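These notes are about the structure you will find just below.
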Amino acid sequence: MADIKTEYGKYNVTQIFAHMNLNTECSLVDIAPTISEILHINMVKPHGHVLNQITEYARENKTRKVILIIVDSLGYALYQRLTESMPNLQKIANSGMVFKCKSPADHTTPAIASIFTGYYPEEHHLYYTDDIYKERAKDEYNPKIKTIMEWGHDSGLKSGIVIESLGAESLAGRIYGTFGIPDSDDIIEYDKKVAENTVKALKSNPDIIAVHIRAIDRFAHMSDTWDDIKYSAGSVDENIGTIYSHTRDDSLFIICGDHPIHSGKKWLEMTGKNDAENYHNRYVALIVGSKK
Ligand SMILES: [Zn+2]
C-alpha cells in the first residue's frame, strides 16, 4: 500500500481518500493548538500540532465559536459501530470530517488533560484530578498545565466548562464560566444535567466551551451487552442534539473520545480484528463539523 509523506508525517493513501471523511492520524494533543489557531488565542506552543484540515474548514465555514465535546470512551472503531445510534453526531460528521485520532492515555484524567493542554501525560503529569491541585500549588503559572480555555481567557475571550465538580473547581476563577456537575450513580441523569448546564452556559455566548459527557464509559464498565452500549450512545447523542440546537450558527463542533472503551477484553471478545487494533493503538474518533 502506498504511503505519502506530508508535513504532518506519513499517511496511507487509501486512508486519505477513503471517502469524504479524513482518516489521517492525529493525536488528541493536536486539539488545543488547533483551537488556539482558529480563535487567535495566544498560547505557549505545546507539543501538539495544528491540524490544518480543521483550521481551513473553520475558515471556509466562517466559524467563530468552538464547542468542544469530549464523549468518554468514544473509540474510533466503537464510533463506527454506533453511527446508527447517534444521528445527531452523524449529522455533524456529515457536515465536516472524521479523524482517526490517537489518544495519549487510556484513562480519563490524563487524556482530558492532554486534550485541554496540548501536552502528553508524561509532560503534564496529570493522572488524577487531585494532581491538578498539586501541580497548581507547586507552580500556579506553569504554562504546561494551562488549558486552552485559560489561554483563551487570558487572550480576552469568554471560556466555559461543564464537567464533573472537582474538574470544574480546578478552573474556577480562571475562566468566565465553570459549571460543576456532582458525580452520580445515575449517569444518564448526570449527562442530562451536563447538557442542561451547557445550555445555560451558552446563554452567555462563550467563545469556547468544553463539555464532558460520560454515559458510554459508565455503561461499558457496568454492562455486558451491545444493546446497553447502544442505549447509552443514544442518550449521549440526545444530549449532543440538545447542545447543538442551542448553539449559534457560527459554531464549530469538535467532538472526540478521550480513550477507547475500558474493560477492553470483555468487549474485544465480541468484536473483530479492527476493534482489537483500535483498542491496542488507542484510536478515538474526532468529529469536526458546523451548522452550515
Ligand atoms: Zn474516559
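By convention here, the chains of the C-alpha cells are called A, B, ... in the order presented, each chain's residues are numbered starting at 1, and ligands are numbered starting at 1 in the order presented.
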List as a tab-separated table every residue of stretch 193-251 of chain A that is in contact with stretch 169-177 of chain A, defined as an atom at most 9 Å from one of its atoms (using only C-alpha atoms), together with the nearest atom pair and the distance in Å rounded to one decimal, sorted by chain and then rising number.
```
residue	atom	partner	partner_atom	distance
A:Ala201	CA	A:Gly177	CA	6.9
A:Ser204	CA	A:Gly177	CA	8.7
A:Pro206	CA	A:Tyr176	CA	8.3
A:Ile209	CA	A:Gly177	CA	8.7
```
> Hey, what's within 10 Å of A:Thr55 if we count only C-alpha atoms and toss same-chain stuff fewer than 2 positions away? As a VMD selection string, please?
Replying inline: chain A and resid 34 to 39 50 to 53 57 to 61 63
>> Quick check for you: according to DSSP on this backbone, which residues of stretch 115-288 of chain A are classed as strand (DSSP E)? Reply as a count of residues only.
In response: 30
May I have a table of the residues of chain A lying at most 7 Å from ligand 1, giving each one's closest pair of atoms and their distance in Å to one decimal, counting only C-alpha atoms and all ligand atoms, ordered by chain and ascending residue number, as a tab-separated table?
```
residue	atom	partner	partner_atom_place_in_ligand_line	distance
A:Asp72	CA	ligand 1	1 (Zn)	4.4
A:Ser73	CA	ligand 1	1 (Zn)	5.3
A:His107	CA	ligand 1	1 (Zn)	5.4
A:Thr108	CA	ligand 1	1 (Zn)	3.5
A:Asp217	CA	ligand 1	1 (Zn)	6.4
A:Asp258	CA	ligand 1	1 (Zn)	5.4
A:His259	CA	ligand 1	1 (Zn)	6.0
```
Within 10 Å of A:Ile31, counting only C-alpha atoms, which residues show up once you throw out same-chain ones fewer than 2 positions away? Write them as an mmCIF file with N, CA and C atoms, in the first residue's frame, please.
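The new file out03.cif reads:
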```cif
data_model
loop_
_atom_site.group_PDB
_atom_site.id
_atom_site.type_symbol
_atom_site.label_atom_id
_atom_site.label_comp_id
_atom_site.auth_asym_id
_atom_site.auth_seq_id
_atom_site.Cartn_x
_atom_site.Cartn_y
_atom_site.Cartn_z
ATOM 1 N N CYS A 26 -3.996 11.559 13.777
ATOM 2 C CA CYS A 26 -3.683 12.766 14.520
ATOM 3 C C CYS A 26 -3.662 12.349 15.977
ATOM 4 N N SER A 27 -3.377 13.272 16.851
ATOM 5 C CA SER A 27 -3.363 12.950 18.273
ATOM 6 C C SER A 27 -4.261 13.936 19.008
ATOM 7 N N LEU A 28 -4.764 13.509 20.138
ATOM 8 C CA LEU A 28 -5.604 14.405 20.940
ATOM 9 C C LEU A 28 -4.832 15.647 21.391
ATOM 10 N N VAL A 29 -3.501 15.564 21.446
ATOM 11 C CA VAL A 29 -2.733 16.754 21.845
ATOM 12 C C VAL A 29 -2.780 17.844 20.761
ATOM 13 N N PRO A 33 -3.769 23.216 20.319
ATOM 14 C CA PRO A 33 -3.130 24.163 19.396
ATOM 15 C C PRO A 33 -4.004 24.505 18.188
ATOM 16 N N THR A 34 -4.834 23.544 17.741
ATOM 17 C CA THR A 34 -5.728 23.819 16.603
ATOM 18 C C THR A 34 -6.769 24.870 16.994
ATOM 19 N N ILE A 35 -7.323 24.737 18.197
ATOM 20 C CA ILE A 35 -8.301 25.729 18.663
ATOM 21 C C ILE A 35 -7.630 27.096 18.824
ATOM 22 N N SER A 36 -6.392 27.098 19.310
ATOM 23 C CA SER A 36 -5.702 28.387 19.518
ATOM 24 C C SER A 36 -5.534 29.121 18.187
ATOM 25 N N GLY A 48 1.533 19.378 20.774
ATOM 26 C CA GLY A 48 0.674 19.033 19.639
ATOM 27 C C GLY A 48 0.846 19.978 18.460
ATOM 28 N N HIS A 49 0.340 19.523 17.284
ATOM 29 C CA HIS A 49 0.425 20.314 16.053
ATOM 30 C C HIS A 49 -0.944 20.860 15.682
ATOM 31 N N VAL A 50 -0.921 21.949 14.927
ATOM 32 C CA VAL A 50 -2.172 22.490 14.404
ATOM 33 C C VAL A 50 -2.648 21.560 13.282
ATOM 34 N N LEU A 51 -3.906 21.147 13.334
ATOM 35 C CA LEU A 51 -4.476 20.311 12.266
ATOM 36 C C LEU A 51 -5.063 21.237 11.199
ATOM 37 N N ILE A 54 -8.654 21.203 9.876
ATOM 38 C CA ILE A 54 -9.695 21.799 10.732
ATOM 39 C C ILE A 54 -9.661 23.327 10.648
ATOM 40 N N LEU A 68 -16.376 22.301 22.249
ATOM 41 C CA LEU A 68 -15.527 21.108 22.384
ATOM 42 C C LEU A 68 -16.259 20.109 23.284
ATOM 43 N N SER A 114 -4.595 16.117 28.356
ATOM 44 C CA SER A 114 -3.866 16.253 27.088
ATOM 45 C C SER A 114 -4.687 17.023 26.048
ATOM 46 N N ILE A 115 -5.996 16.755 26.023
ATOM 47 C CA ILE A 115 -6.873 17.483 25.085
ATOM 48 C C ILE A 115 -6.852 18.972 25.427
ATOM 49 N N PHE A 116 -6.973 19.277 26.704
ATOM 50 C CA PHE A 116 -7.070 20.677 27.127
ATOM 51 C C PHE A 116 -5.747 21.440 27.050
ATOM 52 N N THR A 117 -4.615 20.733 27.257
ATOM 53 C CA THR A 117 -3.332 21.456 27.340
ATOM 54 C C THR A 117 -2.471 21.342 26.081
ATOM 55 N N GLY A 118 -2.643 20.262 25.304
ATOM 56 C CA GLY A 118 -1.786 20.057 24.133
ATOM 57 C C GLY A 118 -0.495 19.336 24.463
ATOM 58 N N ILE A 148 -6.533 25.238 27.252
ATOM 59 C CA ILE A 148 -6.847 26.150 26.148
ATOM 60 C C ILE A 148 -7.951 27.140 26.568
ATOM 61 N N ILE A 254 -16.167 20.425 17.814
ATOM 62 C CA ILE A 254 -15.036 19.495 17.878
ATOM 63 C C ILE A 254 -15.430 18.462 18.929
ATOM 64 N N CYS A 256 -14.798 14.582 20.493
ATOM 65 C CA CYS A 256 -13.817 13.492 20.463
ATOM 66 C C CYS A 256 -13.984 12.543 21.634
ATOM 67 N N LEU A 286 -12.516 11.601 16.276
ATOM 68 C CA LEU A 286 -12.521 13.066 16.383
ATOM 69 C C LEU A 286 -13.410 13.573 15.252
#
```
>> List as a VMD selection string the protein and nucleic acid residues near A:Gly257, meaning an atom at most 6 Å away when only C-alpha atoms are counted, but skip any in the same chain fewer than 5 places from it.
In response: chain A and resid 70 to 75 284 to 285
>> To one decimal place in Å, what is the distance between atom CA of A:Ile41 and atom CA of A:Gly96?
In response: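 About the pair atom CA of A:Ile41 and atom CA of A:Gly96: they are 22.7 Å apart.
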>> One number please: atom CA of A:Gly180 to atom CA of A:Ile163, in Å, one decimal.
In response: 5.4 Å
> Near stretch 130-133 of chain A, counting only C-alpha atoms, which residues have an atom at most 9 Å away, once you skip same-chain residues fewer than 4 positions from it, shown as a list in words?
Replying inline: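 Listed by chain and then number, they are His125, Leu126, Ala137, Lys138, Ile145, Leu166, Gly167 and Ser170 of chain A.
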Dump of N, CA and C atoms for the selected residues, as a tab-separated table (two decimals), in the first residue's frame:
```tsv
chain	number	residue	atom	x	y	z
A	125	HIS	N	1.82	15.47	33.59
A	125	HIS	CA	1.79	14.76	34.89
A	125	HIS	C	0.45	14.82	35.61
A	126	LEU	N	-0.62	14.94	34.85
A	126	LEU	CA	-1.93	14.99	35.49
A	126	LEU	C	-2.62	13.64	35.29
A	137	ALA	N	-0.50	24.05	42.97
A	137	ALA	CA	0.09	24.53	44.21
A	137	ALA	C	1.60	24.72	44.04
A	138	LYS	N	2.21	23.82	43.26
A	138	LYS	CA	3.66	23.90	43.04
A	138	LYS	C	4.04	25.15	42.25
A	145	ILE	N	0.44	23.29	32.40
A	145	ILE	CA	-0.84	22.78	32.86
A	145	ILE	C	-1.96	23.80	32.63
A	166	LEU	N	-15.23	18.40	40.65
A	166	LEU	CA	-13.82	18.60	41.01
A	166	LEU	C	-13.03	19.22	39.86
A	167	GLY	N	-13.30	18.73	38.65
A	167	GLY	CA	-12.63	19.28	37.46
A	167	GLY	C	-12.98	20.75	37.27
A	170	SER	N	-11.20	23.15	39.68
A	170	SER	CA	-9.79	23.45	39.40
A	170	SER	C	-9.66	24.62	38.42
```
> Nearest to A:Lys100 among A:Leu78, A:Ala233, A:Val194, A:Met86, with distances taken over only C-alpha atoms: which residue is it?
Replying inline: A:Leu78
>> At a cut-off of 9 Å, using only C-alpha atoms, what residues contact A:Ser95? Leave out same-chain residues fewer than 6 positions from it and give the result as a VMD selection string.
In response: chain A and resid 288 to 292
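Minimum distance to A:Lys266 across A:Asp224, A:Tyr127, A:Ser235, A:Asn281 (counting only C-alpha atoms) occurs at A:Asp224.
Between A:Glu269 and the residues A:Asn205, A:Thr225, A:Ser232, A:Ser251, the shortest atom-to-atom distance, using only C-alpha atoms, involves A:Thr225.
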>> I'd like to know which residues of stretch 139-230 of chain A are helix (DSSP H, G or I) (by DSSP, run on the backbone); could you write them as JSON, numbers by chain?
In response: {"A": [143, 144, 145, 148, 149, 150, 151, 152, 153, 154, 165, 166, 167, 168, 169, 187, 188, 189, 190, 191, 192, 193, 194, 195, 196, 197, 198, 199, 200, 201, 202, 215, 216, 217, 218, 219, 220, 221, 222, 226, 227, 228, 229, 230]}
Take the selection from the previous step and output its residues with C-alpha atoms, as a PDB file, in the first residue's frame.
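Listing of again_23.pdb after writing:
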```pdb
ATOM      1  CA  PRO A 143       2.109  27.057  31.341  1.00  0.00           C
ATOM      2  CA  LYS A 144       2.238  23.306  30.795  1.00  0.00           C
ATOM      3  CA  ILE A 145      -0.840  22.778  32.859  1.00  0.00           C
ATOM      4  CA  ILE A 148      -6.847  26.150  26.148  1.00  0.00           C
ATOM      5  CA  MET A 149      -9.850  27.643  27.971  1.00  0.00           C
ATOM      6  CA  GLU A 150      -7.454  29.511  30.310  1.00  0.00           C
ATOM      7  CA  TRP A 151      -5.248  30.671  27.444  1.00  0.00           C
ATOM      8  CA  GLY A 152      -8.464  31.878  25.774  1.00  0.00           C
ATOM      9  CA  HIS A 153      -9.500  33.716  28.922  1.00  0.00           C
ATOM     10  CA  ASP A 154      -6.060  35.364  29.111  1.00  0.00           C
ATOM     11  CA  SER A 165     -17.471  19.195  40.065  1.00  0.00           C
ATOM     12  CA  LEU A 166     -13.821  18.597  41.010  1.00  0.00           C
ATOM     13  CA  GLY A 167     -12.633  19.280  37.462  1.00  0.00           C
ATOM     14  CA  ALA A 168     -14.712  22.451  37.308  1.00  0.00           C
ATOM     15  CA  GLU A 169     -13.360  23.630  40.677  1.00  0.00           C
ATOM     16  CA  ILE A 187     -25.063   8.525  34.664  1.00  0.00           C
ATOM     17  CA  ILE A 188     -27.985   9.153  32.294  1.00  0.00           C
ATOM     18  CA  GLU A 189     -29.276  11.793  34.699  1.00  0.00           C
ATOM     19  CA  TYR A 190     -25.730  13.135  35.169  1.00  0.00           C
ATOM     20  CA  ASP A 191     -25.261  13.636  31.416  1.00  0.00           C
ATOM     21  CA  LYS A 192     -28.657  15.264  31.167  1.00  0.00           C
ATOM     22  CA  LYS A 193     -27.507  17.809  33.751  1.00  0.00           C
ATOM     23  CA  VAL A 194     -24.340  18.346  31.724  1.00  0.00           C
ATOM     24  CA  ALA A 195     -26.455  19.161  28.661  1.00  0.00           C
ATOM     25  CA  GLU A 196     -28.816  21.427  30.647  1.00  0.00           C
ATOM     26  CA  ASN A 197     -25.898  23.322  32.184  1.00  0.00           C
ATOM     27  CA  THR A 198     -24.273  23.650  28.783  1.00  0.00           C
ATOM     28  CA  VAL A 199     -27.478  25.248  27.500  1.00  0.00           C
ATOM     29  CA  LYS A 200     -27.286  27.642  30.481  1.00  0.00           C
ATOM     30  CA  ALA A 201     -23.620  28.355  29.794  1.00  0.00           C
ATOM     31  CA  LEU A 202     -24.327  29.036  26.109  1.00  0.00           C
ATOM     32  CA  ALA A 215     -22.665   7.565  29.738  1.00  0.00           C
ATOM     33  CA  ILE A 216     -20.929   5.258  27.205  1.00  0.00           C
ATOM     34  CA  ASP A 217     -17.932   4.857  29.513  1.00  0.00           C
ATOM     35  CA  ARG A 218     -20.087   4.004  32.542  1.00  0.00           C
ATOM     36  CA  PHE A 219     -22.200   1.511  30.591  1.00  0.00           C
ATOM     37  CA  ALA A 220     -19.070  -0.130  29.181  1.00  0.00           C
ATOM     38  CA  HIS A 221     -17.950  -0.785  32.749  1.00  0.00           C
ATOM     39  CA  MET A 222     -21.302  -1.907  34.104  1.00  0.00           C
ATOM     40  CA  TRP A 226     -24.186  -4.214  22.979  1.00  0.00           C
ATOM     41  CA  ASP A 227     -27.802  -3.197  23.440  1.00  0.00           C
ATOM     42  CA  ASP A 228     -26.808  -1.357  26.629  1.00  0.00           C
ATOM     43  CA  ILE A 229     -23.913   0.355  24.875  1.00  0.00           C
ATOM     44  CA  LYS A 230     -26.256   1.390  22.066  1.00  0.00           C
TER      45      LYS A 230
END
```
> How many Å lie between atom CA of A:Asp30 and atom CA of A:Gly160, rounded to one decimal?
Replying inline: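 Taking atom CA of A:Asp30 as the start and atom CA of A:Gly160 as the end point, the length is 19.8 Å.
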